[in-house]
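Participant: Please find one structure pasted underneath; my questions will follow.
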Amino acid sequence: MKRFKTDNAPAAIGPYAQAVIHNGLIYISGQIPVDPATGEIVSDDVKDQAHQVMKNLGAILQESGSGYHMVIKSSIFLKSMDDFADINQIYGQYFQGENLPARETVEVSRLPKDVKIEISMIAALLH
């Protein structure tokens, strides 16, 4: 088992790893819409937040030797299920063709830093 970290995604804000690699899989901790360059939430707009979360996940996937096409499972946590259609549309832009992961989307009462979305993923590694 190996801990994985990149500076191109937000650092963990608690006692956990950004990601863990084990047996050919990467388990990515929940990502929120923090710009890793500034450490700030990108916007109050849920669409902007969703794109930033996917960018953060993409940086971890790419730098670990994986990619969106290797994602096995996603977990999406929303502050409001009213945002589901917008999130679904943005999320779908990052997955092509038949390479769709298993997924659940749940509404939660509160997320870290009071953001509107958080996503975690499990993916296979290319090597």
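Residues are referred to by chain and number: the chain letter is A, B, ... according to the order shown in the structure tokens, the number counts from 1 in that chain, and ligands are numbered separately from 1 in the order shown.
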If we count only C-alpha atoms, what is near region 31-42 of chain A at a cut-off of 10 Å, once residues fewer than 6 positions away on the same chain are taken out, given as a ChimeraX atom specification?
Facilitator: /A:6-12,18,48-57,76-77,111-121
Participant: Please list as JSON, numbers by chain every residue within 12 Å of region 96-99 of chain A, counting only C-alpha atoms and excluding residues in the same chain fewer than 4 positions away.
Facilitator: {"A": [67, 68, 69, 70, 71, 72, 73, 91, 92, 123]}
Participant: Create the file for the chosen residues now, containing all heavy atoms and written as a tab-separated table (two decimals), in the first residue's frame.
Facilitator:
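The resulting result20.tsv:
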chain	number	residue	atom	x	y	z
A	67	GLY	N	-6.69	7.39	-15.29
A	67	GLY	CA	-7.42	8.37	-16.09
A	67	GLY	C	-8.91	8.16	-15.89
A	67	GLY	O	-9.34	7.16	-15.31
A	68	TYR	N	-9.69	9.08	-16.40
A	68	TYR	CA	-11.14	8.96	-16.26
A	68	TYR	C	-11.65	7.65	-16.85
A	68	TYR	O	-12.59	7.05	-16.33
A	68	TYR	CB	-11.87	10.13	-16.94
A	68	TYR	CG	-11.73	11.43	-16.20
A	68	TYR	CD1	-11.06	12.50	-16.78
A	68	TYR	CD2	-12.26	11.61	-14.93
A	68	TYR	CE1	-10.95	13.71	-16.12
A	68	TYR	CE2	-12.14	12.80	-14.26
A	68	TYR	CZ	-11.48	13.86	-14.86
A	68	TYR	OH	-11.36	15.04	-14.19
A	69	HIS	N	-11.02	7.17	-17.93
A	69	HIS	CA	-11.47	5.93	-18.57
A	69	HIS	C	-11.20	4.69	-17.72
A	69	HIS	O	-11.68	3.61	-18.02
A	69	HIS	CB	-10.83	5.79	-19.95
A	69	HIS	CG	-9.34	5.62	-19.90
A	69	HIS	ND1	-8.48	6.64	-19.55
A	69	HIS	CD2	-8.57	4.54	-20.15
A	69	HIS	CE1	-7.24	6.19	-19.59
A	69	HIS	NE2	-7.27	4.92	-19.94
A	70	MET	N	-10.46	4.87	-16.63
A	70	MET	CA	-10.13	3.75	-15.75
A	70	MET	C	-10.92	3.81	-14.43
A	70	MET	O	-10.72	2.97	-13.55
A	70	MET	CB	-8.63	3.77	-15.44
A	70	MET	CG	-7.74	3.65	-16.67
A	70	MET	SD	-7.87	2.07	-17.50
A	70	MET	CE	-7.02	1.03	-16.33
A	71	VAL	N	-11.81	4.79	-14.29
A	71	VAL	CA	-12.58	4.92	-13.06
A	71	VAL	C	-13.59	3.78	-12.95
A	71	VAL	O	-14.34	3.51	-13.89
A	71	VAL	CB	-13.28	6.29	-12.97
A	71	VAL	CG1	-14.18	6.36	-11.74
A	71	VAL	CG2	-12.25	7.42	-12.94
A	72	ILE	N	-13.60	3.13	-11.81
A	72	ILE	CA	-14.49	2.01	-11.54
A	72	ILE	C	-15.74	2.47	-10.80
A	72	ILE	O	-16.85	2.03	-11.08
A	72	ILE	CB	-13.75	0.94	-10.70
A	72	ILE	CG1	-12.56	0.40	-11.48
A	72	ILE	CG2	-14.70	-0.16	-10.25
A	72	ILE	CD1	-11.58	-0.39	-10.63
A	73	LYS	N	-15.56	3.40	-9.86
A	73	LYS	CA	-16.65	3.82	-8.97
A	73	LYS	C	-16.47	5.27	-8.57
A	73	LYS	O	-15.38	5.69	-8.25
A	73	LYS	CB	-16.63	2.94	-7.72
A	73	LYS	CG	-17.65	3.28	-6.65
A	73	LYS	CD	-18.94	2.58	-6.93
A	73	LYS	CE	-19.93	2.55	-5.81
A	73	LYS	NZ	-20.09	3.67	-4.97
A	91	TYR	N	-20.54	16.23	-15.08
A	91	TYR	CA	-19.86	14.96	-14.81
A	91	TYR	C	-19.73	14.15	-16.10
A	91	TYR	O	-18.69	13.58	-16.40
A	91	TYR	CB	-20.67	14.20	-13.75
A	91	TYR	CG	-20.17	12.83	-13.39
A	91	TYR	CD1	-19.27	12.65	-12.36
A	91	TYR	CD2	-20.64	11.69	-14.05
A	91	TYR	CE1	-18.83	11.38	-12.00
A	91	TYR	CE2	-20.22	10.43	-13.70
A	91	TYR	CZ	-19.31	10.28	-12.67
A	91	TYR	OH	-18.87	9.03	-12.31
A	92	GLY	N	-20.79	14.11	-16.89
A	92	GLY	CA	-20.79	13.36	-18.14
A	92	GLY	C	-19.79	13.84	-19.16
A	92	GLY	O	-19.37	13.08	-20.04
A	123	ALA	N	-10.24	3.97	-8.98
A	123	ALA	CA	-9.86	3.72	-10.38
A	123	ALA	C	-8.75	2.69	-10.46
A	123	ALA	O	-7.98	2.51	-9.52
A	123	ALA	CB	-9.41	5.03	-11.05
Participant: So what do you get for CA of Val46 (chain A) versus CA of Leu100 (chain A), distance-wise?
Facilitator: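 For CA of Val46 (chain A) relative to CA of Leu100 (chain A), the distance reads 22.2 Å.
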Participant: Give me, as an MDAnalysis selection string, the residues of region 11-127 of chain A that a backbone DSSP run labels strand (DSSP E or B).
Facilitator: chainID A and resid 19:22 25:31 34 41 71:78 102:107 117:124
Participant: Please save N, CA, C and O atoms of the selected residues as a short mmCIF file (atom, residue, chain, number, x, y, z; two decimals), in the first residue's frame.
Facilitator:
data_model
loop_
_atom_site.label_atom_id
_atom_site.label_comp_id
_atom_site.auth_asym_id
_atom_site.auth_seq_id
_atom_site.Cartn_x
_atom_site.Cartn_y
_atom_site.Cartn_z
N ALA A 19 -4.85 10.30 -1.65
CA ALA A 19 -5.20 9.05 -2.33
C ALA A 19 -4.31 7.93 -1.80
O ALA A 19 -3.24 8.18 -1.26
N VAL A 20 -4.80 6.70 -1.98
CA VAL A 20 -4.04 5.52 -1.59
C VAL A 20 -4.04 4.56 -2.77
O VAL A 20 -5.09 4.31 -3.38
N ILE A 21 -2.86 4.03 -3.08
CA ILE A 21 -2.72 3.03 -4.15
C ILE A 21 -2.51 1.67 -3.49
O ILE A 21 -1.66 1.52 -2.60
N HIS A 22 -3.30 0.69 -3.94
CA HIS A 22 -3.20 -0.66 -3.37
C HIS A 22 -3.71 -1.67 -4.40
O HIS A 22 -4.80 -1.51 -4.95
N LEU A 25 -5.11 -0.47 -7.76
CA LEU A 25 -6.22 0.49 -7.71
C LEU A 25 -5.79 1.75 -6.99
O LEU A 25 -4.92 1.70 -6.12
N ILE A 26 -6.41 2.87 -7.35
CA ILE A 26 -6.21 4.10 -6.60
C ILE A 26 -7.54 4.51 -6.00
O ILE A 26 -8.57 4.55 -6.68
N TYR A 27 -7.51 4.75 -4.70
CA TYR A 27 -8.68 5.18 -3.94
C TYR A 27 -8.47 6.67 -3.65
O TYR A 27 -7.57 7.03 -2.89
N ILE A 28 -9.28 7.51 -4.28
CA ILE A 28 -9.10 8.95 -4.15
C ILE A 28 -10.09 9.49 -3.13
O ILE A 28 -11.30 9.30 -3.26
N SER A 29 -9.57 10.18 -2.14
CA SER A 29 -10.41 10.81 -1.13
C SER A 29 -11.30 11.85 -1.77
O SER A 29 -10.99 12.39 -2.84
N GLY A 30 -12.39 12.17 -1.11
CA GLY A 30 -13.32 13.16 -1.63
C GLY A 30 -12.64 14.48 -1.95
O GLY A 30 -11.88 15.01 -1.14
N GLN A 31 -12.91 14.97 -3.14
CA GLN A 31 -12.35 16.24 -3.58
C GLN A 31 -13.45 17.30 -3.57
O GLN A 31 -14.58 17.04 -3.98
N VAL A 34 -11.72 23.25 -4.40
CA VAL A 34 -10.64 24.14 -4.01
C VAL A 34 -9.64 24.22 -5.15
O VAL A 34 -9.22 23.19 -5.69
N ILE A 41 -11.95 28.28 -2.48
CA ILE A 41 -13.09 27.73 -3.21
C ILE A 41 -13.24 28.54 -4.48
O ILE A 41 -13.17 29.77 -4.46
N VAL A 71 -11.81 4.79 -14.29
CA VAL A 71 -12.58 4.92 -13.06
C VAL A 71 -13.59 3.78 -12.95
O VAL A 71 -14.34 3.51 -13.89
N ILE A 72 -13.60 3.13 -11.81
CA ILE A 72 -14.49 2.01 -11.54
C ILE A 72 -15.74 2.47 -10.80
O ILE A 72 -16.85 2.03 -11.08
N LYS A 73 -15.56 3.40 -9.86
CA LYS A 73 -16.65 3.82 -8.97
C LYS A 73 -16.47 5.27 -8.57
O LYS A 73 -15.38 5.69 -8.25
N SER A 74 -17.57 6.01 -8.61
CA SER A 74 -17.60 7.40 -8.13
C SER A 74 -18.68 7.52 -7.07
O SER A 74 -19.73 6.89 -7.17
N SER A 75 -18.42 8.38 -6.10
CA SER A 75 -19.43 8.73 -5.10
C SER A 75 -19.55 10.24 -5.12
O SER A 75 -18.57 10.96 -4.92
N ILE A 76 -20.78 10.72 -5.38
CA ILE A 76 -21.04 12.16 -5.45
C ILE A 76 -21.91 12.55 -4.27
O ILE A 76 -22.94 11.93 -4.01
N PHE A 77 -21.47 13.59 -3.58
CA PHE A 77 -22.20 14.13 -2.45
C PHE A 77 -22.60 15.56 -2.78
O PHE A 77 -21.75 16.39 -3.11
N LEU A 78 -23.90 15.82 -2.75
CA LEU A 78 -24.44 17.13 -3.10
C LEU A 78 -25.11 17.77 -1.88
O LEU A 78 -25.79 17.09 -1.12
N ALA A 102 -19.46 2.83 -12.15
CA ALA A 102 -20.60 2.72 -11.22
C ALA A 102 -20.61 4.01 -10.40
O ALA A 102 -19.57 4.67 -10.25
N ARG A 103 -21.80 4.38 -9.89
CA ARG A 103 -21.88 5.66 -9.19
C ARG A 103 -23.11 5.72 -8.30
O ARG A 103 -24.11 5.10 -8.58
N GLU A 104 -22.97 6.49 -7.21
CA GLU A 104 -24.14 6.90 -6.46
C GLU A 104 -24.03 8.39 -6.23
O GLU A 104 -22.94 8.95 -6.23
N THR A 105 -25.19 9.02 -6.09
CA THR A 105 -25.27 10.45 -5.78
C THR A 105 -26.21 10.61 -4.61
O THR A 105 -27.35 10.14 -4.66
N VAL A 106 -25.72 11.25 -3.57
CA VAL A 106 -26.54 11.43 -2.37
C VAL A 106 -26.53 12.88 -1.94
O VAL A 106 -25.55 13.60 -2.12
N GLU A 107 -27.65 13.29 -1.38
CA GLU A 107 -27.73 14.64 -0.80
C GLU A 107 -27.31 14.55 0.66
O GLU A 107 -27.72 13.63 1.37
N ILE A 117 -20.57 20.50 -3.50
CA ILE A 117 -20.31 19.18 -4.09
C ILE A 117 -18.98 18.62 -3.60
O ILE A 117 -18.01 19.36 -3.40
N GLU A 118 -18.94 17.31 -3.45
CA GLU A 118 -17.72 16.57 -3.17
C GLU A 118 -17.82 15.24 -3.92
O GLU A 118 -18.90 14.65 -3.97
N ILE A 119 -16.71 14.80 -4.51
CA ILE A 119 -16.70 13.53 -5.25
C ILE A 119 -15.45 12.74 -4.86
O ILE A 119 -14.35 13.29 -4.81
N SER A 120 -15.63 11.45 -4.62
CA SER A 120 -14.50 10.53 -4.43
C SER A 120 -14.56 9.49 -5.54
O SER A 120 -15.60 9.29 -6.16
N MET A 121 -13.43 8.85 -5.80
CA MET A 121 -13.35 7.85 -6.88
C MET A 121 -12.45 6.70 -6.53
O MET A 121 -11.52 6.84 -5.73
N ILE A 122 -12.70 5.58 -7.18
CA ILE A 122 -11.80 4.42 -7.18
C ILE A 122 -11.52 4.13 -8.65
O ILE A 122 -12.44 4.07 -9.46
N ALA A 123 -10.24 3.97 -8.98
CA ALA A 123 -9.86 3.72 -10.38
C ALA A 123 -8.75 2.69 -10.46
O ALA A 123 -7.98 2.51 -9.52
N ALA A 124 -8.67 2.03 -11.60
CA ALA A 124 -7.57 1.11 -11.88
C ALA A 124 -6.38 1.92 -12.38
O ALA A 124 -6.53 3.02 -12.92
#
Participant: So, counting only C-alpha atoms, which residue among A:Ser80, A:Ser43, A:Ser66, A:Asn23 is closest to Ser109 (chain A)?
Facilitator: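 Closest to Ser109 (chain A) of all the choices is A:Ser80.
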Participant: Work out how far CA of Ser64 (chain A) is from CA of Phe84 (chain A), in Å to one decimal.
Facilitator: 28.8 Å
Participant: Rounded to one decimal in Å, what is the spacing between CA of Gln89 (chain A) and CA of Glu63 (chain A)?
Facilitator: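 Rounded to one decimal, the two atoms are 25.1 Å apart.
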Participant: Which is closest to Lys47 (chain A) among A:Ile13, A:Ile90, A:Met81, A:Ile60, if we use only C-alpha atoms?
Facilitator: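 Using only C-alpha atoms, Lys47 (chain A) sits closest to A:Ile90.
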